[in-house]
file work-v4.txt (compact mmCIF, C-alpha atoms)
# COMPACT_ATOMS: atom_id res chain seq x y z
CA ALA A 1 -17.55 9.94 -7.21
CA PRO A 2 -18.67 7.23 -4.80
CA GLU A 3 -18.05 7.94 -1.13
CA PHE A 4 -16.76 5.25 1.20
CA PRO A 5 -17.31 5.02 4.96
CA LEU A 6 -14.10 5.30 6.96
CA GLN A 7 -12.90 1.97 8.39
CA VAL A 8 -10.83 2.71 11.51
CA ALA A 9 -8.34 0.02 12.54
CA HIS A 10 -6.63 2.10 15.26
CA GLU A 11 -7.34 5.52 16.74
CA ASP A 12 -5.78 7.65 19.47
CA GLU A 13 -5.50 11.41 20.02
CA ASP A 14 -2.50 11.75 17.68
CA LEU A 15 -2.87 9.24 14.88
CA VAL A 16 -5.33 6.98 13.11
CA ILE A 17 -4.75 3.86 11.01
CA LEU A 18 -7.44 3.41 8.37
CA ASN A 19 -8.34 0.42 6.22
CA LYS A 20 -8.90 1.79 2.69
CA PRO A 21 -11.25 -0.25 0.49
CA ALA A 22 -10.31 -1.19 -3.06
CA GLY A 23 -11.54 1.40 -5.54
CA GLN A 24 -11.13 4.47 -3.35
CA HIS A 25 -8.54 7.07 -4.38
CA THR A 26 -6.22 8.23 -1.62
CA GLN A 27 -6.13 11.80 -2.90
CA GLY A 28 -7.83 13.94 -5.53
CA THR A 29 -7.69 13.38 -9.27
CA ALA A 30 -8.59 15.56 -12.26
CA LEU A 31 -12.21 14.73 -11.45
CA GLY A 32 -11.98 16.30 -7.99
CA ASP A 33 -11.49 15.09 -4.42
CA VAL A 34 -15.00 14.10 -3.32
CA GLY A 35 -14.95 10.43 -2.40
CA THR A 36 -11.20 10.34 -1.74
CA LEU A 37 -9.67 9.19 1.52
CA VAL A 38 -8.12 12.64 2.09
CA TYR A 39 -11.54 14.28 1.73
CA ALA A 40 -13.18 11.86 4.16
CA VAL A 41 -10.33 12.17 6.68
CA GLN A 42 -10.50 15.96 6.82
CA ARG A 43 -14.28 15.96 7.10
CA ARG A 44 -14.11 13.64 10.11
CA PHE A 45 -10.87 14.61 11.85
CA GLY A 46 -10.44 18.26 10.82
CA PRO A 47 -8.25 20.27 8.44
CA ASP A 48 -4.99 19.49 10.27
CA ALA A 49 -5.30 15.74 9.60
CA ARG A 50 -2.95 14.46 6.92
CA VAL A 51 -2.64 11.10 5.16
CA ILE A 52 1.05 10.20 5.53
CA HIS A 53 1.52 7.89 2.54
CA ARG A 54 -0.40 6.69 -0.50
CA LEU A 55 -2.01 3.47 -1.60
CA ASP A 56 -3.01 2.73 -5.20
CA ALA A 57 -6.73 3.21 -5.82
CA PRO A 58 -7.38 -0.42 -6.87
CA ALA A 59 -5.50 -1.75 -3.82
CA SER A 60 -6.89 -2.02 -0.29
CA GLY A 61 -5.40 -1.86 3.16
CA LEU A 62 -3.83 0.19 5.92
CA ILE A 63 -2.87 3.86 5.72
CA ALA A 64 -1.52 6.03 8.54
CA VAL A 65 -3.03 9.45 9.27
CA GLY A 66 -1.54 12.14 11.52
CA LEU A 67 -4.16 14.22 13.32
CA ASN A 68 -2.05 17.30 14.12
CA GLY A 69 1.01 19.14 12.83
CA PRO A 70 3.65 17.67 15.21
CA THR A 71 2.41 14.12 14.58
CA VAL A 72 2.37 14.63 10.81
CA ALA A 73 5.95 15.91 10.92
CA LYS A 74 7.21 13.00 13.04
CA LEU A 75 5.41 10.35 10.99
CA SER A 76 6.67 11.86 7.74
CA GLU A 77 10.25 11.82 9.08
CA ALA A 78 9.89 8.21 10.25
CA LEU A 79 8.69 7.25 6.78
CA ARG A 80 11.66 9.00 5.12
CA GLU A 81 14.06 7.26 7.51
CA HIS A 82 12.50 3.84 6.76
CA GLN A 83 11.30 3.45 10.35
CA VAL A 84 7.74 2.51 9.35
CA GLU A 85 7.33 -1.16 8.44
CA ARG A 86 4.72 -1.76 5.72
CA LEU A 87 3.78 -5.29 4.69
CA TYR A 88 1.53 -6.18 1.75
CA LEU A 89 -0.18 -9.38 0.64
CA ALA A 90 -0.26 -10.05 -3.11
CA ALA A 91 -1.94 -12.96 -4.90
CA THR A 92 0.05 -13.56 -8.08
CA SER A 93 0.01 -15.48 -11.30
CA GLY A 94 3.40 -17.17 -11.27
CA ASP A 95 5.89 -17.81 -8.52
CA PRO A 96 8.34 -14.93 -7.89
CA ALA A 97 11.80 -15.44 -6.47
CA GLU A 98 12.06 -14.79 -2.74
CA GLY A 99 14.40 -12.16 -1.34
CA ALA A 100 15.21 -8.59 -2.27
CA CYS A 101 14.23 -6.93 -5.54
CA VAL A 102 16.17 -3.68 -5.94
CA GLU A 103 15.52 -2.85 -9.59
CA PRO A 104 15.26 0.94 -10.15
CA LEU A 105 11.98 2.35 -11.42
CA LYS A 106 11.05 5.21 -13.73
CA ARG A 107 7.67 6.80 -14.40
CA SER A 108 6.30 6.48 -17.92
CA GLY A 109 2.87 8.10 -18.20
CA ARG A 110 0.44 6.22 -15.95
CA ARG A 111 2.90 3.37 -15.54
CA SER A 112 6.22 2.78 -13.87
CA GLU A 113 8.83 0.52 -15.40
CA VAL A 114 12.02 -1.27 -14.39
CA VAL A 115 15.10 0.41 -15.88
CA ALA A 116 18.86 -0.09 -15.77
CA PRO A 117 20.79 1.46 -12.87
CA GLY A 118 21.88 4.98 -13.67
CA THR A 119 19.03 5.68 -16.10
CA PRO A 120 18.20 9.42 -16.01
CA ASP A 121 15.20 10.27 -13.80
CA SER A 122 15.10 6.75 -12.35
CA GLN A 123 14.51 6.15 -8.64
CA SER A 124 15.95 3.49 -6.39
CA ALA A 125 13.40 0.90 -5.25
CA HIS A 126 13.67 -1.95 -2.76
CA THR A 127 11.05 -4.61 -2.03
CA ASP A 128 11.59 -7.84 -0.08
CA PHE A 129 9.40 -10.79 -1.08
CA LYS A 130 8.51 -13.88 0.95
CA ARG A 131 6.32 -16.72 -0.27
CA ILE A 132 3.39 -17.43 2.07
CA ALA A 133 1.69 -20.19 0.06
CA THR A 134 1.77 -21.66 -3.43
CA ARG A 135 -0.62 -23.40 -5.77
CA THR A 136 -0.44 -24.59 -9.37
CA ALA A 137 -1.55 -21.24 -10.83
CA GLY A 138 0.44 -18.89 -8.61
CA SER A 139 1.46 -17.76 -5.14
CA LEU A 140 0.43 -15.72 -2.14
CA VAL A 141 3.34 -13.38 -1.45
CA GLU A 142 4.28 -11.06 1.40
CA ALA A 143 5.95 -7.85 0.19
CA ARG A 144 7.93 -5.61 2.55
CA LEU A 145 8.46 -2.05 1.32
CA HIS A 146 11.75 -0.28 1.98
CA THR A 147 10.94 2.53 -0.47
CA GLY A 148 7.58 3.85 -1.63
CA ARG A 149 7.74 4.35 -5.39
CA THR A 150 4.63 4.53 -7.55
CA HIS A 151 3.26 1.00 -8.20
CA GLN A 152 6.46 -0.45 -6.71
CA VAL A 153 5.13 -3.85 -5.58
CA ARG A 154 3.12 -4.25 -8.79
CA VAL A 155 6.05 -3.45 -11.09
CA HIS A 156 8.58 -5.55 -9.19
CA LEU A 157 6.30 -8.60 -9.18
CA ALA A 158 5.55 -8.22 -12.90
CA HIS A 159 9.30 -7.95 -13.52
CA LEU A 160 9.80 -11.20 -11.60
CA GLY A 161 7.30 -12.97 -13.86
CA ALA A 162 4.48 -13.00 -11.30
CA PRO A 163 2.04 -10.13 -11.96
CA ILE A 164 -0.65 -9.55 -9.37
CA ILE A 165 -4.06 -11.02 -10.14
CA GLY A 166 -6.38 -8.26 -11.33
CA ASP A 167 -3.53 -5.91 -12.33
CA ARG A 168 -4.65 -4.78 -15.77
CA LEU A 169 -1.85 -2.23 -16.01
CA TYR A 170 0.98 -4.75 -15.61
CA GLY A 171 -0.33 -7.90 -17.25
CA GLY A 172 -2.13 -9.56 -14.37
CA GLU A 173 -4.79 -12.22 -14.78
CA ARG A 174 -8.27 -10.71 -15.13
CA ALA A 175 -10.20 -10.46 -11.86
CA PRO A 176 -12.87 -8.23 -10.29
CA ARG A 177 -10.21 -6.28 -8.34
CA LEU A 178 -6.48 -5.91 -7.80
CA CYS A 179 -5.37 -8.58 -5.32
CA LEU A 180 -2.96 -6.32 -3.41
CA HIS A 181 -3.62 -5.49 0.23
CA ALA A 182 -1.56 -3.45 2.71
CA TRP A 183 -2.08 -5.73 5.69
CA ARG A 184 0.30 -4.57 8.43
CA ILE A 185 1.86 -1.31 9.61
CA SER A 186 4.36 -1.23 12.47
CA LEU A 187 6.02 1.87 13.92
CA ALA A 188 7.09 3.63 17.08
CA HIS A 189 4.31 5.90 18.28
CA PRO A 190 5.45 9.44 17.40
CA HIS A 191 4.85 10.79 20.93
CA THR A 192 5.00 7.91 23.39
CA GLY A 193 7.64 5.86 21.57
CA ALA A 194 5.62 2.69 22.25
CA HIS A 195 5.67 0.03 19.55
CA LEU A 196 2.46 0.07 17.54
CA SER A 197 1.59 -2.73 15.12
CA VAL A 198 -1.76 -2.85 13.35
CA GLN A 199 -2.87 -5.72 11.13
CA GLN A 200 -5.95 -5.91 8.93
CA ASP A 201 -6.53 -9.10 6.96
CA PRO A 202 -7.92 -8.88 3.41
CA SER A 203 -11.66 -8.88 2.91
CA ALA A 204 -13.73 -11.74 1.53
CA GLU A 205 -13.88 -9.98 -1.86
CA TYR A 206 -10.07 -10.09 -2.05
CA TRP A 207 -10.00 -13.86 -1.58
CA GLU A 208 -12.89 -14.34 -4.00
CA ALA A 209 -11.14 -12.28 -6.69
CA ALA A 210 -7.95 -14.27 -6.15
CA ALA A 211 -9.91 -17.55 -6.17
CA TRP A 212 -8.04 -18.42 -2.98
CA SER A 213 -9.20 -19.81 0.37
CA PRO A 214 -7.51 -17.99 3.29
call {"tool": "encode", "arguments": {"input": "work-v4.txt", "output": "structure tokens"}}
result
Amino acid sequence: APEFPLQVAHEDEDLVILNKPAGQHTQGTALGDVGTLVYAVQRRFGPDARVIHRLDAPASGLIAVGLNGPTVAKLSEALREHQVERLYLAATSGDPAEGACVEPLKRSGRRSEVVAPGTPDSQSAHTDFKRIATRTAGSLVEARLHTGRTHQVRVHLAHLGAPIIGDRLYGGERAPRLCLHAWRISLAHPHTGAHLSVQQDPSAEYWEAAAWSP
């Protein structure tokens, strides 16, 4: 598996915010864990370091890492209590409706799908969408996660008739990469309580794949 250099967007003695490149798996697969973000994190920061949440392999962007047990516990609790703000940028084919999308999701093999409320084994899902810019062929959309279901932003946008460019799994327009980027994380520092907001804009390859000028 290819190995990727760690891109550090923020670092202190308790936590790190990393910018994951598109194509890197967050954690191990059936092929092993070499090349994953988890593997690289523990090699650099030690065995107590833990990645707090996931990001799809074809997506890029910010991921929080706790460097010790107490920090991992507090960050995990903040995530469960919806106290960590996560914003994504998605370049789409089509123009999705703005506002909240609260359609439940259910896993189906490698995919997730929108299902009716009350469907057995379904999970609640909530994404807020805001249009940043539009063009004839689609939109640039900000997605705010309130839950963290598998492929949540991708499935909700496809359901709204605006699949993400490069999303082969959910009917997106063909492109060299998935045009989904986790661009901002905001939270209260788990030990100092100070507000921490980290932003990382998408790379040039993102804009090239989306055929969009930032």
call {"tool": "closest_residue", "arguments": {"input": "work-v4.txt", "among": "A:Arg144, A:Arg50, A:Arg135, A:His82", "to": "Gly99 of chain A", "atoms": "all atoms listed in the file"}}
result
A:Arg144
call {"tool": "closest_atom_pairs", "arguments": {"input": "work-v4.txt", "of": "segment 116-204 of chain A", "to": "segment 54-65 of chain A", "cutoff": "6 Å", "atoms": "all atoms listed in the file", "output": "CSV"}}
result
residue,atom,partner,partner_atom,distance
A:Leu178,CA,A:Pro58,CA,5.6
A:Leu180,CA,A:Ala59,CA,5.2
A:His181,CA,A:Ser60,CA,4.8
A:Ala182,CA,A:Gly61,CA,4.2
A:Trp183,CA,A:Gly61,CA,5.7
call {"tool": "write_last_selection", "arguments": {"input": "work-v4.txt", "atoms": "C-alpha atoms", "output": "mmCIF file, in the frame of the given file"}}
result
data_model
loop_
_atom_site.group_PDB
_atom_site.id
_atom_site.type_symbol
_atom_site.label_atom_id
_atom_site.label_comp_id
_atom_site.auth_asym_id
_atom_site.auth_seq_id
_atom_site.Cartn_x
_atom_site.Cartn_y
_atom_site.Cartn_z
ATOM 1 C CA LEU A 178 -6.480 -5.910 -7.800
ATOM 2 C CA LEU A 180 -2.960 -6.320 -3.410
ATOM 3 C CA HIS A 181 -3.620 -5.490 0.230
ATOM 4 C CA ALA A 182 -1.560 -3.450 2.710
ATOM 5 C CA TRP A 183 -2.080 -5.730 5.690
#
call {"tool": "closest_residue", "arguments": {"input": "work-v4.txt", "among": "A:Asn68, A:Ser108, A:Ser93, A:Gln123", "to": "Cys179 of chain A", "atoms": "all atoms listed in the file"}}
result
A:Ser93
call {"tool": "residues_around", "arguments": {"input": "work-v4.txt", "residues": "Ser139 of chain A", "least_positions_apart": "3", "cutoff": "8 Å", "atoms": "all atoms listed in the file", "output": "list of chain:residue names"}}
result
A:Ala91, A:Thr92, A:Ser93, A:Gly94, A:Asp95, A:Pro96, A:Arg131, A:Ile132, A:Ala133, A:Thr134, A:Arg135
call {"tool": "atom_distance", "arguments": {"input": "work-v4.txt", "atom1": "atom CA of Leu145 of chain A", "atom2": "atom CA of Ser124 of chain A"}}
result
12.1 Å
call {"tool": "atom_distance", "arguments": {"input": "work-v4.txt", "atom1": "atom CA of Gly193 of chain A", "atom2": "atom CA of Arg80 of chain A"}}
result
17.2 Å
call {"tool": "residues_around", "arguments": {"input": "work-v4.txt", "residues": "Ala100 of chain A", "least_positions_apart": "6", "cutoff": "8 Å", "atoms": "only C-alpha atoms", "output": "PyMOL selection string"}}
result
chain A and resi 126-129
call {"tool": "closest_residue", "arguments": {"input": "work-v4.txt", "among": "A:Ala204, A:Ala9, A:Ala90, A:Val114", "to": "Leu140 of chain A", "atoms": "only C-alpha atoms"}}
result
A:Ala90
call {"tool": "residues_around", "arguments": {"input": "work-v4.txt", "residues": "His156 of chain A", "least_positions_apart": "3", "cutoff": "9 Å", "atoms": "all atoms listed in the file", "output": "list in words"}}
result
Cys101, Val102, Glu103, Leu105, Glu113, Val114, Ala125, His126, Thr127, His151, Gln152, Val153, His159, Leu160, Gly161, Ala162 and Pro163 of chain A
call {"tool": "decode", "arguments": {"input": "work-v4.txt", "residues": "segment 18-50 of chain A", "atoms": "N, CA, C and O atoms", "output": "compact mmCIF listing (two decimals), in the first residue's frame"}}
result
# COMPACT_ATOMS: atom_id res chain seq x y z
N LEU A 18 -5.03 16.58 11.53
CA LEU A 18 -4.31 16.20 10.33
C LEU A 18 -5.14 16.44 9.09
O LEU A 18 -6.38 16.37 9.13
N ASN A 19 -4.47 16.72 7.98
CA ASN A 19 -5.13 16.87 6.69
C ASN A 19 -4.86 15.60 5.88
O ASN A 19 -3.75 15.40 5.38
N LYS A 20 -5.87 14.72 5.79
CA LYS A 20 -5.71 13.45 5.08
C LYS A 20 -5.84 13.67 3.58
O LYS A 20 -6.80 14.28 3.12
N PRO A 21 -4.89 13.15 2.79
CA PRO A 21 -5.03 13.26 1.34
C PRO A 21 -6.05 12.28 0.79
O PRO A 21 -6.32 11.24 1.40
N ALA A 22 -6.63 12.59 -0.35
CA ALA A 22 -7.52 11.66 -1.03
C ALA A 22 -6.76 10.40 -1.39
O ALA A 22 -5.60 10.46 -1.82
N GLY A 23 -7.39 9.24 -1.19
CA GLY A 23 -6.78 7.97 -1.53
C GLY A 23 -6.21 7.22 -0.35
O GLY A 23 -5.95 6.02 -0.45
N GLN A 24 -6.02 7.89 0.78
CA GLN A 24 -5.49 7.21 1.96
C GLN A 24 -6.63 6.69 2.82
O GLN A 24 -7.58 7.41 3.12
N HIS A 25 -6.55 5.43 3.23
CA HIS A 25 -7.53 4.86 4.16
C HIS A 25 -7.26 5.37 5.56
O HIS A 25 -6.10 5.51 5.98
N THR A 26 -8.34 5.64 6.29
CA THR A 26 -8.17 6.07 7.68
C THR A 26 -7.66 4.92 8.53
O THR A 26 -6.75 5.08 9.34
N GLN A 27 -8.26 3.75 8.38
CA GLN A 27 -7.86 2.59 9.16
C GLN A 27 -7.68 1.39 8.26
O GLN A 27 -7.93 1.45 7.06
N GLY A 28 -7.24 0.27 8.85
CA GLY A 28 -6.88 -0.90 8.08
C GLY A 28 -8.04 -1.53 7.32
O GLY A 28 -9.20 -1.38 7.67
N THR A 29 -7.69 -2.23 6.26
CA THR A 29 -8.64 -2.98 5.45
C THR A 29 -8.21 -4.44 5.46
O THR A 29 -7.27 -4.83 6.16
N ALA A 30 -8.88 -5.26 4.65
CA ALA A 30 -8.50 -6.68 4.54
C ALA A 30 -7.08 -6.84 4.02
O ALA A 30 -6.46 -7.89 4.20
N LEU A 31 -6.55 -5.81 3.38
CA LEU A 31 -5.20 -5.87 2.84
C LEU A 31 -4.13 -5.47 3.86
O LEU A 31 -2.94 -5.51 3.57
N GLY A 32 -4.57 -5.07 5.06
CA GLY A 32 -3.62 -4.68 6.09
C GLY A 32 -3.74 -3.21 6.46
O GLY A 32 -4.64 -2.51 5.99
N ASP A 33 -2.82 -2.74 7.32
CA ASP A 33 -2.92 -1.35 7.79
C ASP A 33 -1.75 -0.48 7.37
O ASP A 33 -1.74 0.73 7.64
N VAL A 34 -0.74 -1.04 6.70
CA VAL A 34 0.36 -0.22 6.23
C VAL A 34 -0.16 0.81 5.23
O VAL A 34 -0.94 0.49 4.33
N GLY A 35 0.22 2.05 5.40
CA GLY A 35 -0.24 3.11 4.52
C GLY A 35 -1.45 3.84 5.04
O GLY A 35 -1.81 4.90 4.52
N THR A 36 -2.12 3.30 6.08
CA THR A 36 -3.30 3.96 6.62
C THR A 36 -2.90 5.13 7.51
O THR A 36 -1.77 5.22 8.00
N LEU A 37 -3.87 6.00 7.76
CA LEU A 37 -3.63 7.14 8.64
C LEU A 37 -3.35 6.66 10.06
O LEU A 37 -2.46 7.19 10.74
N VAL A 38 -4.10 5.66 10.54
CA VAL A 38 -3.90 5.13 11.88
C VAL A 38 -2.46 4.63 12.05
O VAL A 38 -1.81 4.90 13.05
N TYR A 39 -1.97 3.90 11.06
CA TYR A 39 -0.61 3.36 11.11
C TYR A 39 0.41 4.50 11.19
O TYR A 39 1.33 4.47 12.02
N ALA A 40 0.25 5.50 10.35
CA ALA A 40 1.19 6.62 10.34
C ALA A 40 1.14 7.41 11.64
O ALA A 40 2.18 7.85 12.16
N VAL A 41 -0.06 7.59 12.19
CA VAL A 41 -0.23 8.34 13.43
C VAL A 41 0.50 7.65 14.58
O VAL A 41 1.22 8.28 15.37
N GLN A 42 0.32 6.34 14.69
CA GLN A 42 0.93 5.64 15.82
C GLN A 42 2.45 5.52 15.66
O GLN A 42 3.17 5.48 16.65
N ARG A 43 2.92 5.47 14.44
CA ARG A 43 4.37 5.47 14.24
C ARG A 43 4.98 6.80 14.68
O ARG A 43 6.08 6.83 15.23
N ARG A 44 4.28 7.88 14.42
CA ARG A 44 4.85 9.20 14.74
C ARG A 44 4.57 9.65 16.17
O ARG A 44 5.45 10.20 16.84
N PHE A 45 3.33 9.39 16.66
CA PHE A 45 2.93 9.96 17.94
C PHE A 45 2.84 8.93 19.07
O PHE A 45 2.58 9.29 20.21
N GLY A 46 3.05 7.65 18.75
CA GLY A 46 3.06 6.63 19.79
C GLY A 46 1.78 5.82 19.84
O GLY A 46 0.75 6.19 19.26
N PRO A 47 1.81 4.70 20.58
CA PRO A 47 0.68 3.76 20.58
C PRO A 47 -0.58 4.27 21.26
O PRO A 47 -1.66 3.72 21.06
N ASP A 48 -0.47 5.32 22.08
CA ASP A 48 -1.65 5.87 22.75
C ASP A 48 -2.45 6.80 21.84
O ASP A 48 -3.60 7.15 22.17
N ALA A 49 -1.88 7.22 20.74
CA ALA A 49 -2.58 8.15 19.83
C ALA A 49 -3.74 7.43 19.14
O ALA A 49 -3.61 6.28 18.72
N ARG A 50 -4.87 8.10 19.05
CA ARG A 50 -6.05 7.51 18.44
C ARG A 50 -6.72 8.52 17.50
O ARG A 50 -6.92 9.69 17.85
